[in-house]
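Trainee: I'd like to ask you about the structure that follows.
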Amino acid sequence: MSSPTQIAERRTLVRQLAQGGASNRAIAAQLGVSKDTVARDLAHTPDPVEPPAMSQRELLAQRVAHAERAVSQACAAAAAVAYVRPAAVLADAATAERWWRTLREAAAQLGAAADAFAAHYPAATE
């Protein structure tokens with residue numbers, strides 16, 4: 001009978017051999033197991049690795065980085081729309097209406113985000 005460690009090692013090896021193009025039969029012959037065992041090993045999904053716990057400082061730094069990236073992307077998107085000037089592009093009525101609604105919704109969301117920011121950081125927004 002195989003130990004859990006031996007099984008895990010065999011499953012890793014089976015995956016590596018399969019990724020290298022070996023057939024189940026060839027893998028079974030090389031490892032001295034049945035082709036059904038190889039198929040079972042390939043079907044087994046490894047347990048996800050639990051990420052290490054993050055400190056409050058690391059969580060805050062991660063949130064700041066996400067916010068920085070999101071604000072940067074929003075500004076880049078606004079600059080791209082301003083550059084393209086969709087109002088100056090000849091579009092059919094349905095497309096024009098869709099663009100108008102999309103821009104208004106995005107503007108409302110960004111306005112709400114700016115207002116919430118101002119509420120949390122009044123000194124930065126004077």
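Residues in the structure tokens are numbered from 1 in each chain, the chains being A, B, ... in the order shown, and ligands are numbered from 1 in the order shown.
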Using only C-alpha atoms, which protein or nucleic acid residues come within 12 Å of Thr45 of chain A? Drop anything in the same chain fewer than 2 positions from it, and give the result as a PyMOL selection string.
Mentor: chain A and resi 8+11-12+15+39-43+47-49
Trainee: I need the residues of chain A that end up classed as helix (DSSP H, G or I) by DSSP on the backbone, written out as a VMD selection string.
Mentor: chain A and resid 4 to 19 24 to 31 35 to 43 56 to 84 86 to 88 93 to 120 122 to 125
Trainee: Residues near Pro86 of chain A, anyone? I mean within 10 Å using only C-alpha atoms, not counting same-chain ones fewer than 3 positions away, as a ChimeraX atom specification.
Mentor: /A:81-83,89-91,96,99-100
Trainee: Could you turn the residues from that selection into a file that holds N, CA, C and O atoms, as a PDB file, in the first residue's frame?
Mentor:
```
ATOM      1  N   VAL A  81     -11.289  58.251 -24.415  1.00  0.00           N
ATOM      2  CA  VAL A  81     -12.591  58.685 -24.930  1.00  0.00           C
ATOM      3  C   VAL A  81     -12.505  60.140 -25.401  1.00  0.00           C
ATOM      4  O   VAL A  81     -13.007  60.492 -26.470  1.00  0.00           O
ATOM      5  N   ALA A  82     -11.846  60.984 -24.623  1.00  0.00           N
ATOM      6  CA  ALA A  82     -11.696  62.390 -25.020  1.00  0.00           C
ATOM      7  C   ALA A  82     -10.917  62.505 -26.325  1.00  0.00           C
ATOM      8  O   ALA A  82     -11.253  63.332 -27.191  1.00  0.00           O
ATOM      9  N   TYR A  83      -9.904  61.683 -26.494  1.00  0.00           N
ATOM     10  CA  TYR A  83      -9.087  61.725 -27.699  1.00  0.00           C
ATOM     11  C   TYR A  83      -9.891  61.299 -28.933  1.00  0.00           C
ATOM     12  O   TYR A  83      -9.795  61.904 -30.001  1.00  0.00           O
ATOM     13  N   VAL A  89     -17.941  61.271 -34.196  1.00  0.00           N
ATOM     14  CA  VAL A  89     -17.908  60.073 -35.033  1.00  0.00           C
ATOM     15  C   VAL A  89     -19.312  59.830 -35.589  1.00  0.00           C
ATOM     16  O   VAL A  89     -20.298  59.861 -34.843  1.00  0.00           O
ATOM     17  N   LEU A  90     -19.411  59.600 -36.883  1.00  0.00           N
ATOM     18  CA  LEU A  90     -20.695  59.322 -37.506  1.00  0.00           C
ATOM     19  C   LEU A  90     -21.118  57.908 -37.107  1.00  0.00           C
ATOM     20  O   LEU A  90     -20.435  56.933 -37.406  1.00  0.00           O
ATOM     21  N   ALA A  91     -22.232  57.793 -36.378  1.00  0.00           N
ATOM     22  CA  ALA A  91     -22.716  56.495 -35.914  1.00  0.00           C
ATOM     23  C   ALA A  91     -24.218  56.429 -36.117  1.00  0.00           C
ATOM     24  O   ALA A  91     -24.905  57.462 -36.145  1.00  0.00           O
ATOM     25  N   ALA A  96     -25.264  55.458 -31.244  1.00  0.00           N
ATOM     26  CA  ALA A  96     -25.120  56.754 -30.573  1.00  0.00           C
ATOM     27  C   ALA A  96     -25.842  56.748 -29.231  1.00  0.00           C
ATOM     28  O   ALA A  96     -25.298  57.225 -28.228  1.00  0.00           O
ATOM     29  N   TRP A  99     -23.811  54.576 -26.758  1.00  0.00           N
ATOM     30  CA  TRP A  99     -22.620  55.297 -26.296  1.00  0.00           C
ATOM     31  C   TRP A  99     -23.005  56.353 -25.265  1.00  0.00           C
ATOM     32  O   TRP A  99     -22.343  56.513 -24.249  1.00  0.00           O
ATOM     33  N   TRP A 100     -24.069  57.110 -25.563  1.00  0.00           N
ATOM     34  CA  TRP A 100     -24.506  58.168 -24.646  1.00  0.00           C
ATOM     35  C   TRP A 100     -24.859  57.578 -23.290  1.00  0.00           C
ATOM     36  O   TRP A 100     -24.403  58.075 -22.262  1.00  0.00           O
TER      37      TRP A 100
END
```
Trainee: Need to verify the contact set: Val71 of chain A, 12 Å, only C-alpha atoms, exclusion of same-chain residues closer than 4 positions in sequence. Can you return it as an mmCIF file with C-alpha atoms, in the first residue's frame?
Mentor:
```cif
data_model
loop_
_atom_site.group_PDB
_atom_site.id
_atom_site.type_symbol
_atom_site.label_atom_id
_atom_site.label_comp_id
_atom_site.auth_asym_id
_atom_site.auth_seq_id
_atom_site.Cartn_x
_atom_site.Cartn_y
_atom_site.Cartn_z
ATOM 1 C CA VAL A 64 -3.852 50.781 -2.067
ATOM 2 C CA ALA A 65 -2.180 49.144 -5.069
ATOM 3 C CA HIS A 66 -5.546 47.981 -6.438
ATOM 4 C CA ALA A 67 -7.044 51.440 -5.965
ATOM 5 C CA CYS A 75 -8.112 58.193 -16.078
ATOM 6 C CA ALA A 76 -6.577 56.435 -19.088
ATOM 7 C CA ALA A 77 -10.028 55.399 -20.296
ATOM 8 C CA ALA A 78 -11.340 58.951 -19.913
ATOM 9 C CA LEU A 110 -17.022 58.139 -11.353
ATOM 10 C CA ALA A 113 -16.573 57.679 -6.423
ATOM 11 C CA ALA A 114 -15.143 61.218 -6.435
ATOM 12 C CA PHE A 117 -13.391 60.196 -1.852
#
```
